[in-house]
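Source file entry.txt; content: compact mmCIF, C-alpha atoms.
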```txt
# COMPACT_ATOMS: atom_id res chain seq x y z
CA MET L 1 -36.13 14.37 -26.77
CA SER L 2 -33.70 17.07 -25.73
CA ALA L 3 -36.44 19.68 -25.59
CA TYR L 4 -38.32 17.56 -23.10
CA ARG L 5 -35.14 17.08 -21.13
CA ASP L 6 -34.38 20.76 -20.96
CA LYS L 7 -37.87 21.83 -20.02
CA ASP L 8 -38.68 19.30 -17.36
CA PRO L 9 -38.28 21.11 -14.02
CA ARG L 10 -36.96 18.00 -12.35
CA ILE L 11 -33.84 17.97 -14.53
CA HIS L 12 -32.39 21.08 -12.97
CA GLY L 13 -32.72 19.62 -9.49
CA ILE L 14 -31.06 16.40 -10.59
CA GLN L 15 -28.19 18.16 -12.30
CA SER L 16 -27.52 20.34 -9.29
CA LYS L 17 -27.10 17.26 -7.09
CA ILE L 18 -24.35 15.68 -9.16
CA ARG L 19 -20.95 16.43 -7.70
CA VAL L 20 -17.87 16.91 -9.86
CA VAL L 21 -14.66 15.63 -8.28
CA PRO L 22 -11.50 16.85 -10.03
CA ASP L 23 -8.51 14.63 -10.73
CA PHE L 24 -10.26 11.33 -10.06
CA PRO L 25 -9.36 8.57 -10.78
CA LYS L 26 -6.33 10.35 -12.21
CA PRO L 27 -5.13 13.92 -12.84
CA GLY L 28 -7.05 15.83 -15.49
CA ILE L 29 -10.27 13.86 -15.17
CA MET L 30 -13.37 15.60 -13.80
CA PHE L 31 -15.32 12.73 -12.25
CA GLN L 32 -19.11 12.97 -12.29
CA ASP L 33 -20.16 11.67 -8.89
CA ILE L 34 -23.78 10.53 -8.65
CA THR L 35 -23.57 9.49 -4.99
CA THR L 36 -24.64 12.99 -3.95
CA LEU L 37 -27.75 12.56 -6.08
CA LEU L 38 -28.56 9.38 -4.12
CA LEU L 39 -28.44 11.38 -0.89
CA ASP L 40 -31.41 13.45 -2.03
CA PRO L 41 -34.48 11.17 -1.94
CA LYS L 42 -36.56 13.50 -4.09
CA ALA L 43 -33.89 13.98 -6.75
CA PHE L 44 -33.15 10.24 -6.82
CA LYS L 45 -36.85 9.48 -7.15
CA ASP L 46 -37.20 12.07 -9.93
CA THR L 47 -34.30 10.45 -11.78
CA VAL L 48 -35.95 7.05 -11.68
CA ASP L 49 -39.37 8.54 -12.53
CA LEU L 50 -38.04 10.25 -15.66
CA PHE L 51 -36.82 6.91 -17.00
CA VAL L 52 -39.94 5.05 -15.90
CA GLU L 53 -42.21 7.58 -17.60
CA ARG L 54 -40.28 7.07 -20.81
CA TYR L 55 -40.22 3.27 -20.78
CA LYS L 56 -43.41 2.13 -19.07
CA GLY L 57 -45.86 0.53 -21.45
CA LYS L 58 -43.24 0.08 -24.17
CA ASN L 59 -43.04 -3.69 -23.76
CA ILE L 60 -39.55 -3.68 -22.36
CA SER L 61 -38.97 -7.09 -20.80
CA VAL L 62 -35.34 -6.68 -19.69
CA VAL L 63 -33.37 -3.95 -17.96
CA ALA L 64 -29.65 -4.71 -18.12
CA GLY L 65 -27.55 -2.76 -15.63
CA ILE L 66 -23.80 -2.33 -15.90
CA GLU L 67 -21.77 -3.04 -12.78
CA ALA L 68 -21.72 -1.32 -10.38
CA ARG L 69 -23.52 2.03 -10.68
CA GLY L 70 -25.93 0.61 -13.23
CA PHE L 71 -27.06 -1.66 -10.37
CA ILE L 72 -28.28 1.42 -8.50
CA PHE L 73 -30.50 2.85 -11.25
CA GLY L 74 -31.48 -0.28 -13.17
CA PRO L 75 -33.44 -2.26 -10.55
CA PRO L 76 -35.82 0.56 -9.51
CA ILE L 77 -36.60 1.15 -13.19
CA ALA L 78 -37.07 -2.58 -13.82
CA LEU L 79 -39.40 -2.96 -10.84
CA GLU L 80 -41.56 -0.03 -11.91
CA ILE L 81 -41.91 -1.03 -15.56
CA GLY L 82 -42.36 -4.74 -14.83
CA ALA L 83 -39.15 -5.98 -16.43
CA LYS L 84 -36.48 -8.46 -15.36
CA PHE L 85 -33.20 -7.06 -14.10
CA VAL L 86 -30.03 -8.56 -15.55
CA PRO L 87 -26.65 -7.57 -14.10
CA LEU L 88 -23.78 -7.18 -16.55
CA ARG L 89 -20.61 -7.79 -14.62
CA LYS L 90 -16.85 -7.68 -14.63
CA PRO L 91 -15.20 -11.07 -15.16
CA LYS L 92 -15.49 -13.88 -12.62
CA LYS L 93 -18.27 -12.30 -10.56
CA LEU L 94 -21.21 -14.18 -12.03
CA PRO L 95 -21.42 -17.84 -11.02
CA GLY L 96 -22.40 -20.50 -13.53
CA LYS L 97 -22.37 -20.24 -17.29
CA VAL L 98 -21.71 -16.81 -18.81
CA ILE L 99 -21.04 -15.19 -22.14
CA SER L 100 -18.29 -12.57 -22.39
CA GLU L 101 -17.67 -9.52 -24.50
CA GLU L 102 -14.28 -7.86 -24.58
CA TYR L 103 -13.88 -4.17 -25.15
CA VAL L 104 -11.06 -1.69 -25.52
CA LEU L 105 -9.95 0.75 -22.84
CA GLU L 106 -7.60 3.69 -23.12
CA TYR L 107 -4.82 1.32 -22.13
CA GLY L 108 -5.59 -2.34 -22.52
CA ARG L 109 -8.86 -4.24 -22.53
CA ASP L 110 -11.69 -5.16 -20.22
CA CYS L 111 -14.50 -7.64 -20.36
CA LEU L 112 -18.22 -7.65 -19.55
CA GLN L 113 -20.19 -10.84 -18.77
CA MET L 114 -23.84 -11.89 -18.74
CA HIS L 115 -25.49 -15.10 -17.59
CA VAL L 116 -26.41 -17.62 -20.26
CA GLY L 117 -30.19 -17.95 -20.31
CA ALA L 118 -30.93 -14.70 -18.49
CA VAL L 119 -32.24 -13.12 -21.69
CA GLU L 120 -34.21 -14.91 -24.40
CA PRO L 121 -34.23 -14.21 -28.15
CA GLY L 122 -36.77 -11.58 -29.08
CA GLU L 123 -36.79 -9.82 -25.75
CA ARG L 124 -36.81 -6.03 -25.77
CA ALA L 125 -34.04 -4.62 -23.59
CA LEU L 126 -32.82 -1.40 -22.06
CA VAL L 127 -29.23 -0.91 -21.03
CA VAL L 128 -28.74 1.32 -18.00
CA ASP L 129 -25.62 2.92 -16.58
CA ASP L 130 -24.95 6.08 -14.59
CA LEU L 131 -22.82 7.70 -17.28
CA ILE L 132 -21.73 7.36 -20.89
CA ALA L 133 -18.26 8.59 -21.82
CA THR L 134 -16.58 6.94 -24.81
CA GLY L 135 -19.38 4.40 -25.13
CA GLY L 136 -17.07 1.39 -24.95
CA THR L 137 -18.83 -0.27 -22.03
CA LEU L 138 -22.32 0.40 -23.37
CA CYS L 139 -21.31 -0.96 -26.73
CA ALA L 140 -20.06 -4.17 -25.11
CA ALA L 141 -23.32 -4.42 -23.18
CA MET L 142 -25.38 -4.02 -26.35
CA ASN L 143 -23.31 -6.66 -28.10
CA LEU L 144 -23.92 -9.13 -25.30
CA LEU L 145 -27.67 -8.66 -25.55
CA GLU L 146 -27.75 -8.77 -29.34
CA ARG L 147 -25.65 -11.91 -29.42
CA VAL L 148 -28.40 -13.75 -27.56
CA GLY L 149 -31.02 -12.40 -29.91
CA ALA L 150 -32.46 -9.61 -27.81
CA GLU L 151 -33.40 -6.25 -29.28
CA VAL L 152 -31.75 -3.31 -27.57
CA VAL L 153 -34.45 -0.67 -27.62
CA GLU L 154 -32.38 2.09 -26.05
CA CYS L 155 -29.44 2.89 -23.81
CA ALA L 156 -30.28 5.07 -20.83
CA CYS L 157 -27.84 7.01 -18.70
CA VAL L 158 -28.14 9.75 -16.15
CA ILE L 159 -25.15 11.68 -17.57
CA GLU L 160 -23.53 12.01 -20.99
CA LEU L 161 -20.11 13.47 -21.74
CA PRO L 162 -20.89 14.51 -25.31
CA ASP L 163 -17.33 15.65 -26.09
CA LEU L 164 -16.27 12.00 -25.91
CA LYS L 165 -18.71 11.09 -28.69
CA GLY L 166 -20.00 7.94 -27.04
CA ARG L 167 -23.32 8.34 -28.82
CA GLU L 168 -21.64 7.64 -32.15
CA ARG L 169 -20.20 4.40 -30.87
CA LEU L 170 -23.62 2.88 -30.32
CA ASN L 171 -24.10 1.73 -33.92
CA GLY L 172 -27.17 3.83 -34.40
CA LYS L 173 -28.91 2.65 -31.26
CA PRO L 174 -30.73 5.45 -29.51
CA LEU L 175 -29.32 6.94 -26.35
CA TYR L 176 -31.39 8.78 -23.77
CA VAL L 177 -29.77 10.85 -21.06
CA LEU L 178 -31.01 13.30 -18.46
CA VAL L 179 -27.98 15.53 -18.12
CA GLU L 180 -25.08 16.55 -20.35
CA SER L 181 -21.71 17.58 -18.99
CA HIS L 182 -19.19 19.42 -21.13
CA MET R 1 -26.65 -39.43 1.19
CA MET R 2 -26.45 -35.69 1.20
CA GLN R 3 -23.65 -33.66 -0.19
CA ARG R 4 -22.40 -31.15 2.30
CA ALA R 5 -19.49 -28.77 1.97
CA PHE R 6 -17.83 -27.75 5.22
CA VAL R 7 -15.69 -24.69 5.01
CA PHE R 8 -14.94 -22.86 8.24
CA SER R 9 -13.08 -19.61 8.02
CA SER R 10 -13.59 -15.88 8.23
CA SER R 11 -13.79 -15.33 4.54
CA ASN R 12 -16.05 -12.62 3.14
CA SER R 13 -19.67 -13.40 2.46
CA ILE R 14 -19.25 -13.99 -1.24
CA SER R 15 -16.87 -16.92 -0.99
CA LEU R 16 -18.07 -18.76 2.08
CA GLN R 17 -21.14 -20.87 1.64
CA LEU R 18 -22.62 -23.86 3.36
CA SER R 19 -25.76 -25.44 2.08
CA THR R 20 -27.56 -28.65 1.41
CA PRO R 21 -28.48 -29.04 -2.23
CA ILE R 22 -31.97 -27.84 -3.10
CA THR R 23 -34.29 -28.67 -5.93
CA PRO R 24 -33.80 -26.67 -9.13
CA PRO R 25 -35.81 -23.48 -9.06
CA VAL R 26 -38.53 -23.29 -11.69
CA ASN R 27 -37.52 -20.58 -14.13
CA ALA R 28 -33.85 -21.02 -13.38
CA VAL R 29 -30.90 -20.89 -15.71
CA PHE R 30 -29.26 -24.25 -15.62
CA PRO R 31 -25.69 -24.39 -14.41
CA GLU R 32 -22.93 -25.92 -16.43
CA ARG R 33 -22.26 -28.71 -14.02
CA ASN R 34 -25.21 -30.60 -12.67
CA ARG R 35 -23.70 -31.97 -9.52
CA GLY R 36 -25.58 -29.51 -7.38
CA TRP R 37 -29.02 -30.43 -8.68
CA ILE R 38 -30.79 -33.29 -7.01
CA ALA R 39 -34.26 -34.21 -8.24
CA PRO R 40 -37.09 -33.74 -5.76
CA TYR R 41 -38.25 -36.86 -3.98
CA SER R 42 -35.33 -38.88 -5.24
CA PRO R 43 -33.72 -41.21 -2.71
CA LEU R 44 -30.92 -38.67 -2.33
CA GLN R 45 -33.08 -35.77 -1.26
CA PRO R 46 -35.72 -36.23 1.40
CA PRO R 47 -38.33 -33.52 0.79
CA GLU R 48 -38.04 -32.00 4.26
CA LEU R 49 -34.44 -30.99 3.61
CA ARG R 50 -35.30 -28.26 1.16
CA LEU R 51 -34.20 -24.72 1.74
CA ARG R 52 -36.02 -23.59 4.83
CA ASN R 53 -38.11 -20.46 4.66
CA TYR R 54 -37.27 -18.70 7.84
CA GLN R 55 -37.43 -15.30 9.36
CA ARG R 56 -36.16 -14.09 12.65
CA ALA R 57 -39.14 -13.06 14.76
CA LEU R 58 -39.37 -9.35 15.46
CA PRO R 59 -39.75 -8.26 19.03
CA PRO R 60 -43.40 -7.29 19.52
CA VAL R 61 -44.19 -3.98 17.88
CA LEU R 62 -45.72 -1.43 20.21
CA CYS R 63 -48.59 0.22 18.49
CA SER R 64 -51.83 1.98 19.12
CA GLY R 65 -55.17 0.66 18.00
CA SER R 66 -54.99 2.73 14.85
CA ASP R 67 -51.79 0.95 13.85
CA SER R 68 -53.31 -2.47 14.15
CA VAL R 69 -53.61 -2.95 10.40
CA THR R 70 -49.94 -2.13 9.89
CA ASN R 71 -48.97 -4.40 12.72
CA GLN R 72 -50.95 -7.21 11.22
CA GLN R 73 -49.12 -6.75 7.95
CA GLN R 74 -45.80 -6.89 9.71
CA MET R 75 -46.76 -10.01 11.59
CA ALA R 76 -47.88 -11.62 8.33
CA SER R 77 -44.50 -11.00 6.79
CA GLN R 78 -42.80 -12.74 9.67
CA ASP R 79 -45.05 -15.74 9.39
CA GLU R 80 -43.14 -18.68 8.05
CA ARG R 81 -46.10 -19.51 5.91
CA ASP R 82 -46.04 -16.20 4.02
CA PRO R 83 -46.48 -17.44 0.48
CA ARG R 84 -44.12 -14.82 -0.88
CA ILE R 85 -41.19 -16.25 1.05
CA SER R 86 -41.39 -19.75 -0.35
CA LYS R 87 -41.50 -18.43 -3.88
CA ILE R 88 -38.50 -16.17 -3.25
CA SER R 89 -36.56 -19.04 -1.77
CA SER R 90 -37.42 -21.31 -4.70
CA VAL R 91 -36.00 -18.97 -7.32
CA ILE R 92 -32.60 -18.57 -5.70
CA ARG R 93 -30.16 -20.74 -7.58
CA VAL R 94 -27.35 -22.70 -5.95
CA ILE R 95 -24.15 -23.04 -7.97
CA PRO R 96 -21.67 -25.66 -6.77
CA ASP R 97 -17.95 -25.07 -6.62
CA PHE R 98 -18.08 -21.32 -7.06
CA PRO R 99 -15.92 -19.34 -6.60
CA LYS R 100 -13.86 -22.35 -5.60
CA PRO R 101 -14.33 -26.11 -5.06
CA GLY R 102 -16.46 -27.09 -2.09
CA ILE R 103 -18.45 -23.88 -1.97
CA LEU R 104 -22.16 -23.82 -2.84
CA PHE R 105 -22.86 -20.30 -4.06
CA GLN R 106 -26.29 -18.73 -3.44
CA ASP R 107 -27.09 -16.94 -6.69
CA ILE R 108 -29.77 -14.23 -6.43
CA THR R 109 -29.62 -13.30 -10.12
CA THR R 110 -32.36 -15.83 -10.85
CA LEU R 111 -34.53 -14.04 -8.29
CA LEU R 112 -34.04 -10.81 -10.26
CA LEU R 113 -35.37 -12.54 -13.36
CA ASP R 114 -38.67 -13.28 -11.63
CA ILE R 115 -40.50 -9.98 -11.63
CA LYS R 116 -43.00 -10.86 -8.97
CA ALA R 117 -40.47 -12.51 -6.67
CA PHE R 118 -38.11 -9.54 -6.92
CA ARG R 119 -40.96 -7.16 -6.17
CA ASP R 120 -42.06 -9.31 -3.24
CA THR R 121 -38.52 -9.31 -1.87
CA ILE R 122 -38.45 -5.52 -1.86
CA ASP R 123 -41.99 -5.30 -0.49
CA LEU R 124 -41.14 -7.54 2.47
CA PHE R 125 -38.34 -5.19 3.49
CA VAL R 126 -40.35 -2.04 2.79
CA GLU R 127 -43.28 -3.28 4.88
CA ARG R 128 -40.92 -3.83 7.77
CA TYR R 129 -39.09 -0.50 7.59
CA ARG R 130 -41.59 2.04 6.34
CA GLY R 131 -42.61 4.58 8.95
CA LYS R 132 -39.73 3.64 11.26
CA ASP R 133 -37.84 6.90 10.72
CA ILE R 134 -35.00 5.29 8.81
CA SER R 135 -33.02 8.09 7.17
CA VAL R 136 -30.26 6.02 5.52
CA VAL R 137 -30.10 2.77 3.61
CA ALA R 138 -26.47 1.68 3.24
CA GLY R 139 -25.89 -0.93 0.53
CA ILE R 140 -22.79 -3.06 0.31
CA GLU R 141 -21.11 -3.33 -3.09
CA ALA R 142 -22.18 -4.79 -5.37
CA ARG R 143 -25.28 -6.92 -4.75
CA GLY R 144 -26.39 -4.61 -1.94
CA PHE R 145 -26.70 -1.98 -4.69
CA ILE R 146 -29.46 -4.04 -6.27
CA PHE R 147 -31.70 -4.36 -3.20
CA GLY R 148 -30.84 -1.19 -1.29
CA PRO R 149 -31.98 1.57 -3.68
CA PRO R 150 -35.53 0.28 -4.27
CA ILE R 151 -35.97 0.00 -0.50
CA ALA R 152 -34.52 3.47 0.07
CA LEU R 153 -36.79 4.99 -2.58
CA ALA R 154 -39.88 3.36 -1.13
CA ILE R 155 -39.21 4.44 2.45
CA GLY R 156 -37.90 7.92 1.59
CA ALA R 157 -34.35 7.38 2.82
CA LYS R 158 -30.97 8.34 1.37
CA PHE R 159 -29.00 5.59 -0.31
CA VAL R 160 -25.32 5.33 0.62
CA PRO R 161 -23.05 2.92 -1.24
CA MET R 162 -20.41 1.12 0.84
CA ARG R 163 -17.62 0.31 -1.58
CA LYS R 164 -14.38 -1.55 -2.14
CA PRO R 165 -11.27 0.65 -1.97
CA ASN R 166 -10.56 3.37 -4.54
CA LYS R 167 -14.00 3.36 -6.13
CA LEU R 168 -15.52 6.35 -4.34
CA PRO R 169 -14.17 9.74 -5.48
CA GLY R 170 -13.44 12.45 -2.96
CA GLU R 171 -12.93 12.08 0.76
CA VAL R 172 -13.72 8.70 2.29
CA ILE R 173 -13.42 6.87 5.58
CA SER R 174 -12.26 3.25 5.58
CA GLU R 175 -12.75 0.20 7.72
CA GLU R 176 -10.62 -2.90 7.44
CA TYR R 177 -12.03 -6.36 7.94
CA SER R 178 -10.68 -9.92 7.94
CA LEU R 179 -10.86 -12.42 5.14
CA GLU R 180 -9.93 -16.07 5.18
CA TYR R 181 -6.46 -15.01 4.06
CA GLY R 182 -5.61 -11.39 4.65
CA THR R 183 -7.86 -8.36 4.91
CA ASP R 184 -10.09 -6.17 2.77
CA LYS R 185 -11.30 -2.62 3.17
CA MET R 186 -14.69 -0.97 2.94
CA GLU R 187 -15.13 2.75 2.24
CA MET R 188 -17.88 5.31 2.70
CA HIS R 189 -18.00 8.96 1.69
CA VAL R 190 -17.27 11.55 4.35
CA GLY R 191 -20.41 13.59 4.87
CA ALA R 192 -22.81 11.08 3.32
CA VAL R 193 -24.35 10.41 6.70
CA GLN R 194 -24.71 12.56 9.81
CA ALA R 195 -24.53 11.79 13.49
CA GLY R 196 -28.02 10.85 14.58
CA ASP R 197 -29.05 9.31 11.28
CA ARG R 198 -30.92 5.99 11.65
CA ALA R 199 -29.58 3.43 9.21
CA LEU R 200 -30.30 0.09 7.66
CA ILE R 201 -27.52 -1.94 6.10
CA ILE R 202 -28.48 -4.09 3.11
CA ASP R 203 -26.68 -6.94 1.41
CA ASP R 204 -27.86 -9.98 -0.53
CA LEU R 205 -26.41 -12.49 1.91
CA VAL R 206 -24.83 -12.80 5.35
CA ALA R 207 -22.29 -15.59 5.88
CA THR R 208 -19.66 -14.96 8.57
CA GLY R 209 -20.84 -11.39 9.10
CA GLY R 210 -17.41 -9.89 8.47
CA THR R 211 -18.57 -7.49 5.78
CA LEU R 212 -21.70 -6.44 7.64
CA SER R 213 -19.83 -5.81 10.87
CA ALA R 214 -17.33 -3.63 9.00
CA ALA R 215 -20.25 -1.63 7.62
CA ILE R 216 -21.73 -1.27 11.12
CA ARG R 217 -18.41 0.00 12.46
CA LEU R 218 -18.07 2.52 9.62
CA LEU R 219 -21.49 3.99 10.31
CA GLU R 220 -21.16 3.97 14.09
CA ARG R 221 -17.82 5.75 13.86
CA VAL R 222 -19.63 8.80 12.51
CA GLY R 223 -22.41 8.66 15.07
CA VAL R 224 -25.07 6.83 13.07
CA HIS R 225 -27.44 4.45 14.82
CA VAL R 226 -27.63 1.19 12.88
CA VAL R 227 -31.19 0.05 13.43
CA GLU R 228 -30.88 -3.30 11.67
CA CYS R 229 -29.01 -5.30 9.06
CA ALA R 230 -31.22 -6.80 6.37
CA CYS R 231 -30.29 -9.57 3.94
CA VAL R 232 -32.19 -11.79 1.56
CA ILE R 233 -30.27 -14.91 2.66
CA GLU R 234 -28.55 -16.06 5.83
CA LEU R 235 -26.18 -19.00 6.23
CA PRO R 236 -26.87 -19.56 9.93
CA GLU R 237 -24.19 -22.18 10.50
CA LEU R 238 -21.57 -19.53 9.84
CA LYS R 239 -22.90 -17.60 12.84
CA GLY R 240 -22.81 -14.20 11.17
CA ARG R 241 -25.65 -13.06 13.41
CA GLU R 242 -23.42 -13.33 16.47
CA ARG R 243 -20.72 -11.26 14.85
CA LEU R 244 -23.09 -8.30 14.58
CA GLY R 245 -23.10 -7.72 18.32
CA ASP R 246 -26.11 -5.73 19.42
CA THR R 247 -27.27 -4.97 15.91
CA PRO R 248 -30.31 -7.05 14.96
CA LEU R 249 -30.38 -9.01 11.70
CA PHE R 250 -33.45 -9.60 9.55
CA VAL R 251 -33.43 -12.12 6.71
CA LEU R 252 -36.03 -13.60 4.41
CA VAL R 253 -34.48 -16.99 3.75
CA SER R 254 -32.16 -19.23 5.72
CA SER R 255 -29.95 -21.76 4.00
CA ALA R 256 -28.59 -24.40 6.34
```

Please rewrite the model in this file as structure tokens.
Amino acid sequence: MSAYRDKDPRIHGIQSKIRVVPDFPKPGIMFQDITTLLLDPKAFKDTVDLFVERYKGKNISVVAGIEARGFIFGPPIALEIGAKFVPLRKPKKLPGKVISEEYVLEYGRDCLQMHVGAVEPGERALVVDDLIATGGTLCAAMNLLERVGAEVVECACVIELPDLKGRERLNGKPLYVLVESH
Amino acid sequence: MMQRAFVFSSSNSISLQLSTPITPPVNAVFPERNRGWIAPYSPLQPPELRLRNYQRALPPVLCSGSDSVTNQQQMASQDERDPRISKISSVIRVIPDFPKPGILFQDITTLLLDIKAFRDTIDLFVERYRGKDISVVAGIEARGFIFGPPIALAIGAKFVPMRKPNKLPGEVISEEYSLEYGTDKMEMHVGAVQAGDRALIIDDLVATGGTLSAAIRLLERVGVHVVECACVIELPELKGRERLGDTPLFVLVSSA
């Protein structure tokens, strides 16, 4: 998996388009900004293509995207592989009946919600976000899907911050990323 | 007797809704409270009061003979009888009393669960905008992030997210706009777009037009030409179209 990642010529182009913004949202944090990637149509298309090539034909019926940047990458992948797109949202955004999963932040807690009935038992799901750091949000997303009986096949992110060990927090679920940032 | 919620204000598009109840979409997730669902052909719901499938007619497209096939495709997508439109409209779910009592919320998440309808939605926009030299698709947080990128990718344009305050890192420009009570702010990255860029603005729904007009102002301030605003749903009684000034609006579905 990593060998493929490192050798694919598209990866270098994608990585070079990601902008690092220091001290955002607070001092000491180097923020990985994917908006500059979205300004390059070829690099953005390559990003989506790399995921589509991996997941097409694997019987994935659901792509769950985490608000808000997961909404940018998830739908193009879902459309190409023929899967539903399910938004996972912050509290009180989704109308109607939802299920909630709380998760821990550095200070305090947050909550992720999914619509009741959006995903059926037995469905095979991907979880998509722009970046994985500590893995807290992805873990909450996986829990939501598993609670309704779906199988999380893999988590997919553009960027991983491996020093934050998010991969270990995924309870053995595979994680696929395009770019690592140390 | 129809249920109708009248709410007149300049609230943002998410909270202001006005709609007659429609029949439950076929593959829909059922809401907790059933007040919004009225069975088809019951005495309460005359069939002709379903959600209308409506598109604003395009001004005639100038084209040469060799473009006639493309033009025909465009005209087909404006035709009220385009079969894709009625399906799209039928899978949009209406949730009563969200986010507050009296509001009928147009929920597009059920559309995203219907693979063909979601693809058709994107295709209808792509057919309209491909080959029109659009260099930027600006999507309004957060549901504009769902429809904008697939359109941008298909037509070869940049995607620019228009966000709530303090989400975008680095240097931004801001535009304030009115809500029912108070104001909100929309931000865009400095340098994301250039003077002379031709832009589309995408959101799931237009109500009063407050959010869309803020997005137009943001882009025009940096010299971008906003070619059109495009939404899946319009609530025409809220007159959002008028608030967009000279900027045309294209929608797939009208909910009156």

Closest atom pairs, residues of chain R within 8 Å of chain L, only C-alpha atoms, as a tab-separated table:
```
residue	atom	partner	partner_atom	distance
R:Val29	CA	L:Gly117	CA	5.5
R:Phe30	CA	L:Gly117	CA	7.9
R:Pro31	CA	L:Gly96	CA	5.2
R:Glu32	CA	L:Lys97	CA	5.8
R:Ile95	CA	L:Gly96	CA	6.4
R:Phe98	CA	L:Pro95	CA	6.2
R:Pro99	CA	L:Pro95	CA	7.2
R:Phe105	CA	L:Pro95	CA	7.5
R:Asp107	CA	L:Pro95	CA	7.2
R:Thr109	CA	L:Val86	CA	7.2
R:Thr110	CA	L:Ala118	CA	7.9
R:Leu112	CA	L:Phe85	CA	5.4
R:Leu113	CA	L:Lys84	CA	4.7
R:Asp114	CA	L:Lys84	CA	6.5
R:Ile115	CA	L:Lys84	CA	5.7
R:Phe118	CA	L:Leu79	CA	7.8
R:Arg119	CA	L:Leu79	CA	6.5
R:Glu141	CA	L:Ala68	CA	7.6
R:Ala142	CA	L:Ala68	CA	6.1
R:Arg143	CA	L:Phe71	CA	7.9
R:Phe145	CA	L:Ile72	CA	5.3
R:Ile146	CA	L:Phe71	CA	5.3
R:Phe147	CA	L:Pro75	CA	7.8
R:Pro149	CA	L:Ile72	CA	6.1
R:Pro150	CA	L:Pro76	CA	5.3
R:Ala152	CA	L:Pro41	CA	8.0
R:Leu153	CA	L:Lys45	CA	6.4
R:Gly156	CA	L:Pro41	CA	5.9
R:Ala157	CA	L:Pro41	CA	6.1
R:Lys158	CA	L:Leu39	CA	4.6
R:Phe159	CA	L:Leu38	CA	5.4
R:Val160	CA	L:Leu39	CA	7.0
R:Pro161	CA	L:Thr35	CA	7.6
R:Pro169	CA	L:Phe24	CA	6.2
R:Gly170	CA	L:Val21	CA	6.3
R:Ala192	CA	L:Leu39	CA	7.0
```

Keeping C-alpha atoms, export the residues of the selection given above as a PDB file, keeping the file's coordinate frame.
```
ATOM      1  CA  VAL R  29     -30.900 -20.890 -15.710  1.00  0.00           C
ATOM      2  CA  PHE R  30     -29.260 -24.250 -15.620  1.00  0.00           C
ATOM      3  CA  PRO R  31     -25.690 -24.390 -14.410  1.00  0.00           C
ATOM      4  CA  GLU R  32     -22.930 -25.920 -16.430  1.00  0.00           C
ATOM      5  CA  ILE R  95     -24.150 -23.040  -7.970  1.00  0.00           C
ATOM      6  CA  PHE R  98     -18.080 -21.320  -7.060  1.00  0.00           C
ATOM      7  CA  PRO R  99     -15.920 -19.340  -6.600  1.00  0.00           C
ATOM      8  CA  PHE R 105     -22.860 -20.300  -4.060  1.00  0.00           C
ATOM      9  CA  ASP R 107     -27.090 -16.940  -6.690  1.00  0.00           C
ATOM     10  CA  THR R 109     -29.620 -13.300 -10.120  1.00  0.00           C
ATOM     11  CA  THR R 110     -32.360 -15.830 -10.850  1.00  0.00           C
ATOM     12  CA  LEU R 112     -34.040 -10.810 -10.260  1.00  0.00           C
ATOM     13  CA  LEU R 113     -35.370 -12.540 -13.360  1.00  0.00           C
ATOM     14  CA  ASP R 114     -38.670 -13.280 -11.630  1.00  0.00           C
ATOM     15  CA  ILE R 115     -40.500  -9.980 -11.630  1.00  0.00           C
ATOM     16  CA  PHE R 118     -38.110  -9.540  -6.920  1.00  0.00           C
ATOM     17  CA  ARG R 119     -40.960  -7.160  -6.170  1.00  0.00           C
ATOM     18  CA  GLU R 141     -21.110  -3.330  -3.090  1.00  0.00           C
ATOM     19  CA  ALA R 142     -22.180  -4.790  -5.370  1.00  0.00           C
ATOM     20  CA  ARG R 143     -25.280  -6.920  -4.750  1.00  0.00           C
ATOM     21  CA  PHE R 145     -26.700  -1.980  -4.690  1.00  0.00           C
ATOM     22  CA  ILE R 146     -29.460  -4.040  -6.270  1.00  0.00           C
ATOM     23  CA  PHE R 147     -31.700  -4.360  -3.200  1.00  0.00           C
ATOM     24  CA  PRO R 149     -31.980   1.570  -3.680  1.00  0.00           C
ATOM     25  CA  PRO R 150     -35.530   0.280  -4.270  1.00  0.00           C
ATOM     26  CA  ALA R 152     -34.520   3.470   0.070  1.00  0.00           C
ATOM     27  CA  LEU R 153     -36.790   4.990  -2.580  1.00  0.00           C
ATOM     28  CA  GLY R 156     -37.900   7.920   1.590  1.00  0.00           C
ATOM     29  CA  ALA R 157     -34.350   7.380   2.820  1.00  0.00           C
ATOM     30  CA  LYS R 158     -30.970   8.340   1.370  1.00  0.00           C
ATOM     31  CA  PHE R 159     -29.000   5.590  -0.310  1.00  0.00           C
ATOM     32  CA  VAL R 160     -25.320   5.330   0.620  1.00  0.00           C
ATOM     33  CA  PRO R 161     -23.050   2.920  -1.240  1.00  0.00           C
ATOM     34  CA  PRO R 169     -14.170   9.740  -5.480  1.00  0.00           C
ATOM     35  CA  GLY R 170     -13.440  12.450  -2.960  1.00  0.00           C
ATOM     36  CA  ALA R 192     -22.810  11.080   3.320  1.00  0.00           C
TER      37      ALA R 192
END
```

### Task
State, in Å with one decimal place, the distance from atom CA of R:Asp184 to atom CA of R:Ile140.
13.3 Å

#### Entry: Interatomic distance (Å, one decimal) between atom CA of L:Leu126 and atom CA of L:Met114
14.2 Å

Using all atoms listed in the file, find each residue in stretch 93-172 of chain R having at least one atom no more than 8 Å away from stretch 227-250 of chain R; report its shortest atom-to-atom pair and that distance in Å (one decimal), rows by chain then rising number, as a Markdown table.
```
| residue | atom | partner | partner_atom | distance |
| --- | --- | --- | --- | --- |
| R:Thr121 | CA | R:Val232 | CA | 7.6 |
| R:Phe125 | CA | R:Ala230 | CA | 7.8 |
| R:Ile134 | CA | R:Val227 | CA | 8.0 |
```
